[in-house]
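The next block is my_file.cif, given as mmCIF, N, CA and C atoms.
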data_structure
#
loop_
_atom_site.label_atom_id
_atom_site.label_comp_id
_atom_site.auth_asym_id
_atom_site.auth_seq_id
_atom_site.Cartn_x
_atom_site.Cartn_y
_atom_site.Cartn_z
N MET A 139 -30.28 14.23 -25.20
CA MET A 139 -29.83 12.86 -25.31
C MET A 139 -28.43 12.82 -25.89
N ASN A 140 -27.65 11.94 -25.38
CA ASN A 140 -26.26 11.83 -25.79
C ASN A 140 -26.17 10.94 -27.03
N THR A 141 -25.60 11.48 -28.09
CA THR A 141 -25.47 10.71 -29.34
C THR A 141 -24.18 9.93 -29.40
N LYS A 142 -23.26 10.19 -28.52
CA LYS A 142 -21.96 9.54 -28.54
C LYS A 142 -21.94 8.23 -27.75
N GLY A 143 -22.97 7.90 -27.12
CA GLY A 143 -23.01 6.71 -26.27
C GLY A 143 -23.35 7.12 -24.86
N ASP A 144 -23.21 6.23 -23.96
CA ASP A 144 -23.55 6.50 -22.56
C ASP A 144 -22.31 6.96 -21.81
N ASN A 145 -21.74 8.07 -22.22
CA ASN A 145 -20.55 8.61 -21.56
C ASN A 145 -20.84 9.96 -20.93
N SER A 146 -22.07 10.17 -20.53
CA SER A 146 -22.45 11.48 -20.01
C SER A 146 -21.75 11.80 -18.69
N ARG A 147 -21.42 10.80 -17.93
CA ARG A 147 -20.74 11.07 -16.65
C ARG A 147 -19.30 11.49 -16.86
N PHE A 148 -18.69 11.18 -18.01
CA PHE A 148 -17.31 11.58 -18.27
C PHE A 148 -17.22 12.93 -18.97
N GLU A 149 -18.31 13.41 -19.56
CA GLU A 149 -18.26 14.66 -20.30
C GLU A 149 -17.97 15.84 -19.40
N ALA A 150 -18.42 15.79 -18.17
CA ALA A 150 -18.17 16.91 -17.26
C ALA A 150 -16.70 17.00 -16.88
N ALA A 151 -16.00 15.89 -16.93
CA ALA A 151 -14.59 15.89 -16.56
C ALA A 151 -13.68 16.24 -17.72
N CYS A 152 -14.20 16.31 -18.93
CA CYS A 152 -13.37 16.59 -20.10
C CYS A 152 -12.97 18.06 -20.15
N LEU A 153 -11.80 18.29 -20.63
CA LEU A 153 -11.35 19.66 -20.83
C LEU A 153 -12.06 20.24 -22.05
N PRO A 154 -12.16 21.54 -22.15
CA PRO A 154 -12.82 22.14 -23.32
C PRO A 154 -12.08 21.75 -24.60
N GLY A 155 -12.82 21.37 -25.59
CA GLY A 155 -12.24 21.00 -26.86
C GLY A 155 -11.85 19.53 -26.97
N ARG A 156 -12.03 18.77 -25.93
CA ARG A 156 -11.70 17.34 -25.96
C ARG A 156 -12.97 16.52 -25.96
N SER A 157 -12.85 15.35 -26.47
CA SER A 157 -14.01 14.47 -26.54
C SER A 157 -14.15 13.69 -25.24
N ALA A 158 -15.34 13.20 -24.99
CA ALA A 158 -15.59 12.39 -23.81
C ALA A 158 -14.93 11.03 -23.94
N TYR A 159 -14.56 10.67 -25.16
CA TYR A 159 -13.93 9.36 -25.36
C TYR A 159 -12.45 9.36 -24.98
N ALA A 160 -11.93 10.46 -24.50
CA ALA A 160 -10.53 10.52 -24.11
C ALA A 160 -10.28 9.78 -22.79
N PHE A 161 -11.33 9.54 -22.04
CA PHE A 161 -11.20 8.85 -20.76
C PHE A 161 -11.66 7.41 -20.92
N PRO A 162 -10.99 6.48 -20.32
CA PRO A 162 -11.44 5.09 -20.40
C PRO A 162 -12.73 4.91 -19.61
N GLU A 163 -13.46 3.91 -19.97
CA GLU A 163 -14.73 3.66 -19.29
C GLU A 163 -14.50 2.79 -18.06
N HIS A 164 -14.27 3.40 -16.95
CA HIS A 164 -14.18 2.74 -15.66
C HIS A 164 -14.57 3.74 -14.59
N ASP A 165 -14.57 3.32 -13.36
CA ASP A 165 -15.05 4.16 -12.26
C ASP A 165 -14.09 5.28 -11.90
N GLY A 166 -12.92 5.25 -12.41
CA GLY A 166 -11.91 6.20 -11.99
C GLY A 166 -10.94 5.60 -10.99
N PHE A 167 -11.17 4.34 -10.58
CA PHE A 167 -10.29 3.66 -9.64
C PHE A 167 -9.43 2.66 -10.40
N ILE A 168 -8.22 2.55 -9.99
CA ILE A 168 -7.32 1.58 -10.59
C ILE A 168 -7.54 0.24 -9.91
N THR A 169 -7.77 -0.77 -10.69
CA THR A 169 -8.02 -2.10 -10.15
C THR A 169 -6.75 -2.93 -10.26
N ILE A 170 -6.31 -3.45 -9.14
CA ILE A 170 -5.14 -4.32 -9.11
C ILE A 170 -5.61 -5.70 -8.75
N ARG A 171 -5.35 -6.63 -9.62
CA ARG A 171 -5.76 -8.00 -9.36
C ARG A 171 -4.55 -8.81 -8.93
N VAL A 172 -4.72 -9.52 -7.84
CA VAL A 172 -3.64 -10.34 -7.30
C VAL A 172 -4.03 -11.80 -7.50
N ASN A 173 -3.12 -12.56 -8.02
CA ASN A 173 -3.37 -13.98 -8.23
C ASN A 173 -3.25 -14.70 -6.89
N THR A 174 -4.36 -15.15 -6.36
CA THR A 174 -4.36 -15.83 -5.07
C THR A 174 -4.55 -17.33 -5.22
N THR A 175 -4.38 -17.85 -6.42
CA THR A 175 -4.58 -19.28 -6.61
C THR A 175 -3.36 -20.08 -6.20
N HIS A 176 -2.23 -19.43 -6.03
CA HIS A 176 -1.01 -20.14 -5.64
C HIS A 176 -1.06 -20.42 -4.14
N LEU A 177 -1.16 -21.69 -3.74
CA LEU A 177 -1.38 -22.03 -2.33
C LEU A 177 -0.14 -21.87 -1.47
N ASN A 178 1.05 -22.01 -2.04
CA ASN A 178 2.27 -21.95 -1.24
C ASN A 178 2.80 -20.53 -1.10
N ARG A 179 2.03 -19.56 -1.53
CA ARG A 179 2.49 -18.19 -1.47
C ARG A 179 2.60 -17.73 -0.01
N GLY A 180 3.75 -17.25 0.38
CA GLY A 180 3.93 -16.77 1.74
C GLY A 180 4.28 -17.85 2.74
N MET A 181 4.62 -19.06 2.27
CA MET A 181 4.92 -20.15 3.20
C MET A 181 6.20 -19.86 3.99
N ALA A 182 7.20 -19.29 3.34
CA ALA A 182 8.44 -18.98 4.05
C ALA A 182 8.20 -17.94 5.14
N GLU A 183 7.37 -16.94 4.84
CA GLU A 183 7.07 -15.92 5.86
C GLU A 183 6.31 -16.53 7.03
N LYS A 184 5.38 -17.45 6.72
CA LYS A 184 4.65 -18.11 7.80
C LYS A 184 5.57 -18.96 8.66
N LEU A 185 6.52 -19.66 8.03
CA LEU A 185 7.44 -20.50 8.79
C LEU A 185 8.35 -19.67 9.68
N VAL A 186 8.84 -18.55 9.16
CA VAL A 186 9.71 -17.69 9.97
C VAL A 186 8.91 -17.07 11.11
N THR A 187 7.67 -16.66 10.84
CA THR A 187 6.81 -16.13 11.90
C THR A 187 6.55 -17.19 12.96
N PHE A 188 6.27 -18.42 12.52
CA PHE A 188 6.02 -19.50 13.46
C PHE A 188 7.26 -19.81 14.29
N LEU A 189 8.42 -19.80 13.66
CA LEU A 189 9.67 -20.07 14.39
C LEU A 189 9.92 -19.00 15.45
N PHE A 190 9.80 -17.74 15.07
CA PHE A 190 10.05 -16.65 16.02
C PHE A 190 9.02 -16.65 17.15
N ALA A 191 7.75 -16.68 16.79
CA ALA A 191 6.70 -16.64 17.82
C ALA A 191 6.71 -17.91 18.66
N GLY A 192 7.05 -19.05 18.06
CA GLY A 192 7.12 -20.30 18.81
C GLY A 192 8.22 -20.31 19.85
N ILE A 193 9.40 -19.84 19.47
CA ILE A 193 10.52 -19.79 20.43
C ILE A 193 10.21 -18.80 21.55
N LEU A 194 9.72 -17.64 21.18
CA LEU A 194 9.40 -16.64 22.20
C LEU A 194 8.29 -17.13 23.13
N GLY A 195 7.25 -17.71 22.55
CA GLY A 195 6.16 -18.23 23.37
C GLY A 195 6.57 -19.39 24.25
N ALA A 196 7.42 -20.29 23.71
CA ALA A 196 7.87 -21.43 24.51
C ALA A 196 8.73 -20.98 25.69
N LEU A 197 9.61 -20.04 25.46
CA LEU A 197 10.44 -19.55 26.57
C LEU A 197 9.60 -18.84 27.62
N CYS A 198 8.65 -18.02 27.18
CA CYS A 198 7.76 -17.36 28.16
C CYS A 198 6.94 -18.39 28.93
N TYR A 199 6.43 -19.40 28.23
CA TYR A 199 5.66 -20.44 28.90
C TYR A 199 6.53 -21.18 29.92
N HIS A 200 7.74 -21.56 29.54
CA HIS A 200 8.59 -22.34 30.44
C HIS A 200 8.99 -21.53 31.68
N PHE A 201 9.29 -20.26 31.51
CA PHE A 201 9.65 -19.47 32.69
C PHE A 201 8.45 -19.25 33.60
N ALA A 202 7.26 -19.07 33.03
CA ALA A 202 6.05 -18.93 33.87
C ALA A 202 5.72 -20.25 34.55
N ALA A 203 5.83 -21.36 33.82
CA ALA A 203 5.55 -22.67 34.42
C ALA A 203 6.57 -23.00 35.51
N ALA A 204 7.82 -22.62 35.32
CA ALA A 204 8.83 -22.86 36.35
C ALA A 204 8.54 -22.06 37.61
N ALA A 205 8.09 -20.82 37.45
CA ALA A 205 7.76 -20.00 38.62
C ALA A 205 6.58 -20.60 39.38
N ILE A 206 5.57 -21.07 38.66
CA ILE A 206 4.42 -21.71 39.30
C ILE A 206 4.82 -23.02 39.96
N PHE A 207 5.64 -23.80 39.26
CA PHE A 207 6.09 -25.09 39.79
C PHE A 207 6.88 -24.91 41.09
N HIS A 208 7.82 -23.98 41.09
CA HIS A 208 8.64 -23.78 42.29
C HIS A 208 7.86 -23.14 43.44
N ALA A 209 6.85 -22.37 43.12
CA ALA A 209 6.07 -21.73 44.18
C ALA A 209 5.07 -22.69 44.82
N TYR A 210 4.47 -23.59 44.03
CA TYR A 210 3.37 -24.38 44.56
C TYR A 210 3.59 -25.90 44.54
N PHE A 211 4.36 -26.41 43.60
CA PHE A 211 4.45 -27.86 43.43
C PHE A 211 5.86 -28.41 43.57
N SER A 212 6.76 -27.72 44.20
CA SER A 212 8.16 -28.17 44.24
C SER A 212 8.35 -29.43 45.08
N LEU A 213 7.50 -29.65 46.06
CA LEU A 213 7.64 -30.84 46.89
C LEU A 213 6.59 -31.90 46.59
N SER A 214 5.80 -31.70 45.58
CA SER A 214 4.74 -32.63 45.24
C SER A 214 5.29 -33.82 44.44
N PRO A 215 5.08 -35.05 44.95
CA PRO A 215 5.56 -36.21 44.18
C PRO A 215 4.75 -36.43 42.91
N LEU A 216 3.51 -35.96 42.88
CA LEU A 216 2.69 -36.10 41.68
C LEU A 216 3.23 -35.23 40.54
N ALA A 217 3.66 -34.03 40.87
CA ALA A 217 4.24 -33.15 39.85
C ALA A 217 5.56 -33.68 39.33
N LEU A 218 6.32 -34.33 40.19
CA LEU A 218 7.59 -34.91 39.74
C LEU A 218 7.37 -36.21 38.97
N THR A 219 6.28 -36.91 39.25
CA THR A 219 5.98 -38.14 38.52
C THR A 219 5.54 -37.84 37.10
N TYR A 220 4.67 -36.86 36.95
CA TYR A 220 4.15 -36.50 35.63
C TYR A 220 4.82 -35.22 35.13
N TRP A 221 6.14 -35.17 35.15
CA TRP A 221 6.90 -34.01 34.74
C TRP A 221 6.75 -33.70 33.27
N TYR A 222 6.45 -34.71 32.45
CA TYR A 222 6.40 -34.53 31.00
C TYR A 222 5.17 -33.74 30.55
N VAL A 223 4.13 -33.65 31.39
CA VAL A 223 2.94 -32.88 30.99
C VAL A 223 3.26 -31.39 30.89
N PRO A 224 3.80 -30.74 31.92
CA PRO A 224 4.09 -29.31 31.75
C PRO A 224 5.35 -29.05 30.93
N LEU A 225 6.25 -30.03 30.83
CA LEU A 225 7.50 -29.80 30.10
C LEU A 225 7.39 -30.08 28.61
N ALA A 226 6.58 -31.04 28.20
CA ALA A 226 6.55 -31.42 26.79
C ALA A 226 5.16 -31.38 26.18
N VAL A 227 4.16 -31.89 26.88
CA VAL A 227 2.83 -32.03 26.27
C VAL A 227 2.16 -30.67 26.09
N LEU A 228 2.10 -29.87 27.13
CA LEU A 228 1.44 -28.56 27.01
C LEU A 228 2.16 -27.62 26.04
N PRO A 229 3.50 -27.52 26.06
CA PRO A 229 4.14 -26.68 25.04
C PRO A 229 3.91 -27.18 23.62
N ALA A 230 3.89 -28.49 23.43
CA ALA A 230 3.63 -29.02 22.09
C ALA A 230 2.21 -28.68 21.64
N LEU A 231 1.23 -28.81 22.54
CA LEU A 231 -0.14 -28.46 22.18
C LEU A 231 -0.29 -26.96 21.89
N LEU A 232 0.38 -26.14 22.67
CA LEU A 232 0.32 -24.70 22.42
C LEU A 232 0.99 -24.34 21.09
N LEU A 233 2.11 -24.97 20.78
CA LEU A 233 2.78 -24.70 19.51
C LEU A 233 1.97 -25.20 18.32
N LEU A 234 1.33 -26.34 18.46
CA LEU A 234 0.48 -26.84 17.37
C LEU A 234 -0.75 -25.95 17.19
N THR A 235 -1.27 -25.38 18.27
CA THR A 235 -2.37 -24.43 18.16
C THR A 235 -1.92 -23.16 17.44
N LEU A 236 -0.71 -22.70 17.75
CA LEU A 236 -0.15 -21.54 17.05
C LEU A 236 0.05 -21.85 15.57
N ALA A 237 0.55 -23.04 15.27
CA ALA A 237 0.74 -23.42 13.86
C ALA A 237 -0.59 -23.48 13.12
N TRP A 238 -1.61 -24.01 13.76
CA TRP A 238 -2.93 -24.06 13.13
C TRP A 238 -3.48 -22.65 12.91
N ALA A 239 -3.24 -21.77 13.87
CA ALA A 239 -3.72 -20.39 13.74
C ALA A 239 -3.01 -19.66 12.60
N LEU A 240 -1.78 -20.03 12.31
CA LEU A 240 -1.05 -19.42 11.20
C LEU A 240 -1.38 -20.06 9.85
N GLY A 241 -2.19 -21.10 9.85
CA GLY A 241 -2.63 -21.68 8.58
C GLY A 241 -2.04 -23.03 8.25
N PHE A 242 -1.23 -23.60 9.10
CA PHE A 242 -0.67 -24.92 8.84
C PHE A 242 -1.67 -25.99 9.26
N GLY A 243 -1.64 -27.11 8.58
CA GLY A 243 -2.50 -28.23 8.93
C GLY A 243 -3.93 -28.09 8.46
N ARG A 244 -4.19 -27.17 7.55
CA ARG A 244 -5.54 -27.00 7.03
C ARG A 244 -5.65 -27.65 5.66
N ARG A 245 -6.84 -27.69 5.15
CA ARG A 245 -7.12 -28.43 3.93
C ARG A 245 -6.30 -27.94 2.74
N GLY A 246 -6.15 -26.68 2.53
CA GLY A 246 -5.46 -26.17 1.36
C GLY A 246 -3.98 -25.90 1.55
N SER A 247 -3.44 -26.22 2.71
CA SER A 247 -2.04 -25.88 2.99
C SER A 247 -1.09 -26.90 2.36
N SER A 248 0.13 -26.49 2.20
CA SER A 248 1.15 -27.32 1.58
C SER A 248 1.60 -28.43 2.52
N PRO A 249 1.76 -29.66 2.02
CA PRO A 249 2.27 -30.73 2.89
C PRO A 249 3.69 -30.47 3.37
N TRP A 250 4.51 -29.84 2.53
CA TRP A 250 5.89 -29.54 2.95
C TRP A 250 5.90 -28.49 4.04
N GLY A 251 5.01 -27.52 3.95
CA GLY A 251 4.91 -26.53 5.02
C GLY A 251 4.42 -27.14 6.32
N ASN A 252 3.48 -28.09 6.21
CA ASN A 252 2.99 -28.77 7.41
C ASN A 252 4.09 -29.59 8.07
N LEU A 253 4.88 -30.29 7.25
CA LEU A 253 6.00 -31.08 7.81
C LEU A 253 7.06 -30.17 8.43
N ALA A 254 7.32 -29.03 7.79
CA ALA A 254 8.28 -28.09 8.36
C ALA A 254 7.77 -27.52 9.68
N ALA A 255 6.47 -27.24 9.77
CA ALA A 255 5.91 -26.74 11.03
C ALA A 255 5.99 -27.80 12.12
N LEU A 256 5.75 -29.07 11.77
CA LEU A 256 5.90 -30.14 12.76
C LEU A 256 7.35 -30.30 13.20
N ALA A 257 8.29 -30.18 12.26
CA ALA A 257 9.71 -30.27 12.61
C ALA A 257 10.12 -29.11 13.51
N ILE A 258 9.63 -27.92 13.22
CA ILE A 258 9.93 -26.76 14.06
C ILE A 258 9.33 -26.95 15.45
N THR A 259 8.11 -27.49 15.51
CA THR A 259 7.48 -27.75 16.81
C THR A 259 8.29 -28.75 17.62
N GLY A 260 8.71 -29.84 16.99
CA GLY A 260 9.53 -30.83 17.68
C GLY A 260 10.85 -30.26 18.15
N GLY A 261 11.49 -29.45 17.32
CA GLY A 261 12.76 -28.84 17.70
C GLY A 261 12.62 -27.88 18.86
N ILE A 262 11.58 -27.05 18.82
CA ILE A 262 11.37 -26.10 19.92
C ILE A 262 11.08 -26.83 21.22
N VAL A 263 10.23 -27.85 21.17
CA VAL A 263 9.92 -28.60 22.39
C VAL A 263 11.16 -29.31 22.91
N PHE A 264 11.95 -29.90 22.02
CA PHE A 264 13.14 -30.64 22.45
C PHE A 264 14.19 -29.71 23.06
N PHE A 265 14.43 -28.57 22.42
CA PHE A 265 15.51 -27.69 22.88
C PHE A 265 15.11 -26.80 24.05
N THR A 266 13.83 -26.65 24.32
CA THR A 266 13.42 -25.83 25.46
C THR A 266 12.79 -26.66 26.57
N ILE A 267 12.96 -27.96 26.54
CA ILE A 267 12.25 -28.83 27.47
C ILE A 267 12.63 -28.59 28.93
N GLY A 268 13.84 -28.25 29.19
CA GLY A 268 14.22 -28.03 30.58
C GLY A 268 14.91 -26.72 30.80
N ALA A 269 14.58 -25.73 30.01
CA ALA A 269 15.31 -24.46 30.04
C ALA A 269 15.40 -23.83 31.42
N PRO A 270 14.30 -23.51 32.11
CA PRO A 270 14.44 -22.81 33.38
C PRO A 270 14.31 -23.68 34.62
N TYR A 271 14.21 -24.99 34.44
CA TYR A 271 13.93 -25.86 35.58
C TYR A 271 15.22 -26.33 36.24
N ASN A 272 15.19 -26.42 37.57
CA ASN A 272 16.35 -26.97 38.25
C ASN A 272 16.28 -28.48 38.34
N CYS A 273 15.16 -29.07 37.91
CA CYS A 273 15.05 -30.52 37.94
C CYS A 273 15.67 -31.15 36.69
N TRP A 274 16.25 -30.36 35.82
CA TRP A 274 16.82 -30.87 34.59
C TRP A 274 17.89 -31.93 34.86
N GLN A 275 18.77 -31.70 35.79
CA GLN A 275 19.86 -32.63 36.08
C GLN A 275 19.48 -33.63 37.18
N GLU A 276 18.62 -33.24 38.10
CA GLU A 276 18.39 -34.04 39.28
C GLU A 276 17.23 -35.04 39.16
N PHE A 277 16.04 -34.55 38.81
CA PHE A 277 14.86 -35.39 38.92
C PHE A 277 14.29 -35.87 37.59
N CYS A 278 14.31 -35.02 36.60
CA CYS A 278 13.53 -35.33 35.39
C CYS A 278 14.14 -36.44 34.54
N PHE A 279 15.45 -36.46 34.38
CA PHE A 279 16.06 -37.47 33.50
C PHE A 279 17.07 -38.30 34.24
#
Rewrite the structure from the file as structure tokens, please.
Amino acid sequence: MNTKGDNSRFEAACLPGRSAYAFPEHDGFITIRVNTTHLNRGMAEKLVTFLFAGILGALCYHFAAAAIFHAYFSLSPLALTYWYVPLAVLPALLLLTLAWALGFGRRGSSPWGNLAALAITGGIVFFTIGAPYNCWQEFCF
């Protein structure tokens, strides 16, 4: 029976002539605790990620939509009547889905981060609205 306490698992690791109390009582693993109570932590990184992925995704979407439009719907009066659906509505919905996937618009998220994500969404949709389309000057506006 151990008279020094319940340190029998540390006695085998002690060097000869040293006491078992030379080692702290823990598993041998270093525990690092991170304070995760701060809700705005990483907001700048999320906004930069959203900006980069949003611009890249919007440009890829617009070039793919332009290829489909010119191949199948270039002479369709219905496609020219409802031009705002593929040019503005669908990219905005896709960008808002990306923002939600990155954590914006959820219960614990920052209101300033949510407003910044909405402003970035509006800017991306506005500046890429007619990027690859030839109807930019002729039909759409």
Test item: the PyMOL selection byres (((chain A and resi 191-196 and name CA) around 9) and name CA) resolved as a short mmCIF file (atom, residue, chain, number, x, y, z; two decimals) with N, CA and C atoms, keeping the file's coordinate frame:
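Okay, out.cif is ready:
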data_model
loop_
_atom_site.label_atom_id
_atom_site.label_comp_id
_atom_site.auth_asym_id
_atom_site.auth_seq_id
_atom_site.Cartn_x
_atom_site.Cartn_y
_atom_site.Cartn_z
N VAL A 186 8.84 -18.55 9.16
CA VAL A 186 9.71 -17.69 9.97
C VAL A 186 8.91 -17.07 11.11
N THR A 187 7.67 -16.66 10.84
CA THR A 187 6.81 -16.13 11.90
C THR A 187 6.55 -17.19 12.96
N PHE A 188 6.27 -18.42 12.52
CA PHE A 188 6.02 -19.50 13.46
C PHE A 188 7.26 -19.81 14.29
N LEU A 189 8.42 -19.80 13.66
CA LEU A 189 9.67 -20.07 14.39
C LEU A 189 9.92 -19.00 15.45
N PHE A 190 9.80 -17.74 15.07
CA PHE A 190 10.05 -16.65 16.02
C PHE A 190 9.02 -16.65 17.15
N LEU A 197 9.61 -20.04 25.46
CA LEU A 197 10.44 -19.55 26.57
C LEU A 197 9.60 -18.84 27.62
N CYS A 198 8.65 -18.02 27.18
CA CYS A 198 7.76 -17.36 28.16
C CYS A 198 6.94 -18.39 28.93
N TYR A 199 6.43 -19.40 28.23
CA TYR A 199 5.66 -20.44 28.90
C TYR A 199 6.53 -21.18 29.92
N HIS A 200 7.74 -21.56 29.54
CA HIS A 200 8.59 -22.34 30.44
C HIS A 200 8.99 -21.53 31.68
N PHE A 201 9.29 -20.26 31.51
CA PHE A 201 9.65 -19.47 32.69
C PHE A 201 8.45 -19.25 33.60
N PRO A 229 3.50 -27.52 26.06
CA PRO A 229 4.14 -26.68 25.04
C PRO A 229 3.91 -27.18 23.62
N LEU A 232 0.38 -26.14 22.67
CA LEU A 232 0.32 -24.70 22.42
C LEU A 232 0.99 -24.34 21.09
N LEU A 233 2.11 -24.97 20.78
CA LEU A 233 2.78 -24.70 19.51
C LEU A 233 1.97 -25.20 18.32
N LEU A 236 -0.71 -22.70 17.75
CA LEU A 236 -0.15 -21.54 17.05
C LEU A 236 0.05 -21.85 15.57
N ALA A 237 0.55 -23.04 15.27
CA ALA A 237 0.74 -23.42 13.86
C ALA A 237 -0.59 -23.48 13.12
N ILE A 258 9.63 -27.92 13.22
CA ILE A 258 9.93 -26.76 14.06
C ILE A 258 9.33 -26.95 15.45
N THR A 259 8.11 -27.49 15.51
CA THR A 259 7.48 -27.75 16.81
C THR A 259 8.29 -28.75 17.62
N ILE A 262 11.58 -27.05 18.82
CA ILE A 262 11.37 -26.10 19.92
C ILE A 262 11.08 -26.83 21.22
N VAL A 263 10.23 -27.85 21.17
CA VAL A 263 9.92 -28.60 22.39
C VAL A 263 11.16 -29.31 22.91
N THR A 266 13.83 -26.65 24.32
CA THR A 266 13.42 -25.83 25.46
C THR A 266 12.79 -26.66 26.57
#
Handout entry: Separation of CA of Thr235 in chain A from CA of Gly260 in chain A in Å
Key =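 About the pair CA of Gly260 in chain A and CA of Thr235 in chain A: they are 13.5 Å apart.
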Exercise for the section: Could you tell me, as a PyMOL selection string, which residues of range 194-229 of chain A DSSP assigns to helix (DSSP H, G or I) when given the backbone? Expected result: chain A and resi 194-210+215-219+222-229
Problem - Between CA of Glu183 in chain A and CA of Leu240 in chain A - distance in Å to one decimal - result: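 So the answer is 10.3 Å.
Between Pro224 in chain A and the residues A:Ala203, A:Lys184, A:Ala257, A:Gly251, the shortest atom-to-atom distance, using only N, CA and C atoms, involves A:Ala203.
As for atom N of Leu231 in chain A and atom N of Ala205 in chain A, they are spaced 18.3 Å apart.
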